[in-house]
There are 2 protein chains.
Amino acid sequence: MSHSHAEEHFRSTDAVRDVVIGMSDGLTVPFALAAGLSGAHVATSVVVLAGLAEIAAGSIAMGLGGFLAARTDAEHYQNELQREIRETRELPAKERAEVEEVFEGFGLTPEQIEPIASTITANEKRWVDFMMKFELNLEPPDPSRAVRSASTIGASYIIGGLIPLAPYFAAHDLDTALIASVAVTLTALFVFGGIKARFTGIPVWRGGVQTTLIGGLAAAAAFGIARLFR
Amino acid sequence: MSHSHAEEHFRSTDAVRDVVIGMSDGLTVPFALAAGLSGAHVATSVVVLAGLAEIAAGSIAMGLGGFLAARTDAEHYQNELQREIRETRELPAKERAEVEEVFEGFGLTPEQIEPIASTITANEKRWVDFMMKFELNLEPPDPSRAVRSASTIGASYIIGGLIPLAPYFAAHDLDTALIASVAVTLTALFVFGGIKARFTGIPVWRGGVQTTLIGGLAAAAAFGIARLFR
């Protein structure tokens with residue numbers, strides 16, 4: 001009961017984490033870039049242009065990056081699995097000793113460990129699964145995760161990025177657009193940070209404040225840098 | 001021997017992953033943004049300005065994002081630890097049954113499990129540690145990881161981002177700067193992708209090609225979008 005609850009908790013976390021990764025950066029970086037360029041008093045059309053270029057670049061970089069990271073995790077798991085299979089065949093005494101070590105850590109006596117180690121090492125699949133999970137701490141990856149992860153991160157980045165840019169599309173006066181963008185985006189960051197906090201288990205208001213602060217700091221830094229160098 | 005080897009492998013992976021996260025995006029996104037703006041024929045100074053603003057925003061967003069992610073992981077571990085401590089006190093029979101289930105999963109008989117479960121549940125710390133590892137599959141997080149992770153990601157982003165921008169500082173002709181930036185950055189992405197591949201265990205040439213492709217695609221998309229909307 002508690003076990004299946006924990007597993008469910010972790011499955012939902014994967015998808016949520018992808019939305020969080022994409023949307024956090026999508027809300028923050030295009031927002032900060034637009035604010036920075038506004039600080040340098042470029043034309044509104046340049047702000048929109050740079051913002052859209054950033055969203056295109058960022059969503060592709062993050063989406064494909066997520067795809068490759070997930071695929072690399074899967075390959076890493078397969079490599080380690082093959083290594084464990086080879087080791088249980090070529091160095092069975094050493095691998096059996098490693099099984100025993102895991103249980104020694106929990107204070108069991110050699111007499112108690114003996115039958116456990118014998119049962120586990122009697123079956124190759126069981127033995128290898130044990131080593132993967134408890135020696136290397138690796139869980140079998142979900143094969144469809146790479147594609148799903150890429151599209152979730154990329155789409156979240158685009159959606160997040162269009163929110164701070166929207167006011168620059170609508171208003172032709174740069175100062176008005178900047179103020180509206182700051183208001184809309186900080187609100188969105190606060191709401192998003194709060195929702196995110198519900199999934200990660202930290203207090204909702206703290207999640208909102210943290211996320212708003214990151215976005216605000218990034219925008220302030222971009223604004224300052226652009227002022228400095230204009 | 002193999003165990004300490006595995007741990008070392010994973011420790012180095014944490015730092016390498018942070019450099020990879022920061023530098024991949026640092027090389028890719030400012031590069032693509034600068035290429036995109038070049039495609040829209042804005043002034044070279046605007047490209048530099050937007051690039052610097054993006055580096056400031058991106059490094060803060062990613063660095064602080066990494067800090068909070070590491071801290072949330074640590075808090076998640078603590079929350080689950082407290083929950084397990086509470087459960088071993090309030091529902092000892094249920095928690096002991098969960099210990100027994102773990103060994104049933106390994107194919108032990110009830111007679112073999114009985115003394116093992118007694119030994120593990122005789123000591124609260126041992127019992128809770130066992131549940132954390134075998135039921136929830138959580139390892140204690142490294143307390144200094146959050147700060148180290150934030151600074152590594154942020155610094156890698158800045159270093160990565162200055163590479164594609166450097167030609168725009170030097171050249172005053174936009175086309176020359178764009179060509180130089182593309183050449184320098186695609187080379188850097190290839191070398192970086194190859195180095196990264198050595199750590200993740202995929203073939204070096206494939207790592208180089210993949211990383212170059214992501215950067216190239218992101219830049220091409222940004223270039224196309226900026227052309228379209230200029």
# chains A, B, ... in the order shown; residues from 1 in each chain; ligands from 1
call {"tool": "residues_around", "arguments": {"residues": "A:His41", "least_positions_apart": "3", "cutoff": "10 Å", "atoms": "only C-alpha atoms", "output": "PyMOL selection string"}}
result
chain A and resi 35-38+44+46-47+174-175+226-227+230
call {"tool": "interface_residues", "arguments": {"of": "chain B", "to": "chain A", "cutoff": "7 Å", "atoms": "only C-alpha atoms", "output": "JSON, numbers by chain"}}
result
{"B": [6, 25, 28, 29, 32, 33, 36, 37, 49, 50, 52, 53, 54, 56, 57, 58, 60, 61, 64, 72, 76, 106, 107, 108, 116, 119, 120, 126, 135, 136, 200, 201, 214, 215, 218, 219, 221, 222, 225, 226, 229, 230]}
call {"tool": "closest_residue", "arguments": {"among": "B:Gln78, B:Phe192, B:Glu111, B:Val128", "to": "B:Ser156", "atoms": "only C-alpha atoms"}}
result
B:Phe192
call {"tool": "closest_residue", "arguments": {"among": "B:Val191, B:Asp18, B:Ala43, B:Val209", "to": "B:His172", "atoms": "only C-alpha atoms"}}
result
B:Ala43
call {"tool": "residues_around", "arguments": {"residues": "A:Tyr168", "least_positions_apart": "3", "cutoff": "6 Å", "atoms": "only C-alpha atoms", "output": "list in words"}}
result
Leu165, Ala171 and Ala177 of chain A
call {"tool": "atom_distance", "arguments": {"atom1": "atom CA of B:Ala150", "atom2": "atom CA of A:Ser151"}}
result
25.8 Å
call {"tool": "decode", "arguments": {"residues": "stretch 103-118 of chain B", "atoms": "all heavy atoms", "output": "CSV table (one decimal), in the first residue's frame"}}
result
chain,number,residue,atom,x,y,z
B,103,PHE,N,12.3,-9.2,1.7
B,103,PHE,CA,13.0,-10.4,1.6
B,103,PHE,C,12.2,-11.5,0.9
B,103,PHE,O,12.8,-12.4,0.3
B,103,PHE,CB,13.5,-10.9,3.0
B,103,PHE,CG,14.5,-10.0,3.6
B,103,PHE,CD1,14.2,-9.0,4.6
B,103,PHE,CD2,15.8,-10.1,3.1
B,103,PHE,CE1,15.2,-8.2,5.1
B,103,PHE,CE2,16.8,-9.2,3.6
B,103,PHE,CZ,16.5,-8.3,4.6
B,104,GLU,N,10.9,-11.4,1.0
B,104,GLU,CA,10.0,-12.3,0.3
B,104,GLU,C,10.3,-12.1,-1.2
B,104,GLU,O,10.3,-13.1,-2.0
B,104,GLU,CB,8.5,-12.1,0.5
B,104,GLU,CG,8.0,-12.8,1.8
B,104,GLU,CD,6.7,-12.2,2.3
B,104,GLU,OE1,6.0,-11.6,1.5
B,104,GLU,OE2,6.5,-12.2,3.5
B,105,GLY,N,10.5,-10.9,-1.6
B,105,GLY,CA,10.8,-10.5,-3.0
B,105,GLY,C,12.1,-11.2,-3.5
B,105,GLY,O,12.2,-11.5,-4.7
B,106,PHE,N,13.0,-11.4,-2.5
B,106,PHE,CA,14.3,-12.1,-2.9
B,106,PHE,C,14.1,-13.6,-2.9
B,106,PHE,O,15.1,-14.3,-3.1
B,106,PHE,CB,15.4,-11.7,-1.9
B,106,PHE,CG,15.7,-10.2,-2.0
B,106,PHE,CD1,16.0,-9.5,-0.8
B,106,PHE,CD2,15.8,-9.5,-3.2
B,106,PHE,CE1,16.3,-8.2,-0.8
B,106,PHE,CE2,16.1,-8.2,-3.2
B,106,PHE,CZ,16.3,-7.5,-2.0
B,107,GLY,N,12.9,-14.1,-2.5
B,107,GLY,CA,12.7,-15.5,-2.6
B,107,GLY,C,13.0,-16.3,-1.3
B,107,GLY,O,13.2,-17.5,-1.3
B,108,LEU,N,13.2,-15.6,-0.2
B,108,LEU,CA,13.5,-16.3,1.1
B,108,LEU,C,12.2,-16.9,1.7
B,108,LEU,O,11.1,-16.3,1.5
B,108,LEU,CB,14.1,-15.3,2.1
B,108,LEU,CG,15.4,-14.7,1.8
B,108,LEU,CD1,16.0,-13.9,3.0
B,108,LEU,CD2,16.4,-15.7,1.3
B,109,THR,N,12.3,-17.9,2.5
B,109,THR,CA,11.2,-18.5,3.2
B,109,THR,C,10.9,-17.8,4.5
B,109,THR,O,11.7,-17.1,5.0
B,109,THR,CB,11.5,-20.0,3.5
B,109,THR,OG1,12.5,-20.0,4.5
B,109,THR,CG2,11.9,-20.8,2.3
B,110,PRO,N,9.6,-17.9,5.0
B,110,PRO,CA,9.3,-17.2,6.2
B,110,PRO,C,10.2,-17.5,7.4
B,110,PRO,O,10.5,-16.7,8.2
B,110,PRO,CB,7.8,-17.7,6.5
B,110,PRO,CG,7.3,-18.0,5.1
B,110,PRO,CD,8.4,-18.5,4.3
B,111,GLU,N,10.7,-18.8,7.4
B,111,GLU,CA,11.6,-19.2,8.5
B,111,GLU,C,12.9,-18.5,8.4
B,111,GLU,O,13.5,-18.2,9.4
B,111,GLU,CB,11.8,-20.7,8.4
B,111,GLU,CG,10.6,-21.6,8.8
B,111,GLU,CD,9.6,-21.6,7.6
B,111,GLU,OE1,10.0,-21.6,6.4
B,111,GLU,OE2,8.4,-21.5,7.9
B,112,GLN,N,13.3,-18.2,7.2
B,112,GLN,CA,14.6,-17.5,7.0
B,112,GLN,C,14.4,-16.0,7.3
B,112,GLN,O,15.3,-15.4,7.8
B,112,GLN,CB,15.1,-17.7,5.5
B,112,GLN,CG,15.6,-19.1,5.2
B,112,GLN,CD,15.9,-19.2,3.7
B,112,GLN,OE1,15.2,-18.7,2.9
B,112,GLN,NE2,17.0,-19.9,3.4
B,113,ILE,N,13.2,-15.5,7.0
B,113,ILE,CA,13.0,-14.1,7.1
B,113,ILE,C,12.9,-13.7,8.6
B,113,ILE,O,13.3,-12.6,9.0
B,113,ILE,CB,11.7,-13.7,6.3
B,113,ILE,CG1,12.0,-13.8,4.8
B,113,ILE,CG2,11.3,-12.2,6.6
B,113,ILE,CD1,10.8,-13.7,3.9
B,114,GLU,N,12.2,-14.5,9.4
B,114,GLU,CA,11.9,-14.2,10.8
B,114,GLU,C,13.1,-13.6,11.6
B,114,GLU,O,13.0,-12.5,12.1
B,114,GLU,CB,11.3,-15.5,11.4
B,114,GLU,CG,11.1,-15.5,12.9
B,114,GLU,CD,10.3,-14.3,13.5
B,114,GLU,OE1,9.4,-13.9,12.7
B,114,GLU,OE2,10.6,-13.8,14.6
B,115,PRO,N,14.2,-14.3,11.7
B,115,PRO,CA,15.3,-13.8,12.5
B,115,PRO,C,15.9,-12.5,11.8
B,115,PRO,O,16.4,-11.6,12.5
B,115,PRO,CB,16.3,-14.9,12.5
B,115,PRO,CG,16.0,-15.8,11.3
B,115,PRO,CD,14.5,-15.7,11.2
B,116,ILE,N,15.9,-12.4,10.5
B,116,ILE,CA,16.5,-11.2,9.8
B,116,ILE,C,15.6,-10.0,10.2
B,116,ILE,O,16.2,-9.0,10.5
B,116,ILE,CB,16.5,-11.4,8.3
B,116,ILE,CG1,17.3,-12.7,7.9
B,116,ILE,CG2,17.0,-10.2,7.6
B,116,ILE,CD1,17.2,-13.1,6.4
B,117,ALA,N,14.3,-10.2,10.0
B,117,ALA,CA,13.4,-9.0,10.3
B,117,ALA,C,13.6,-8.6,11.8
B,117,ALA,O,13.5,-7.4,12.1
B,117,ALA,CB,11.9,-9.4,10.1
B,118,SER,N,13.8,-9.6,12.7
B,118,SER,CA,13.9,-9.3,14.1
B,118,SER,C,15.2,-8.5,14.3
B,118,SER,O,15.2,-7.5,15.1
B,118,SER,CB,14.0,-10.5,15.0
B,118,SER,OG,12.8,-11.2,14.9
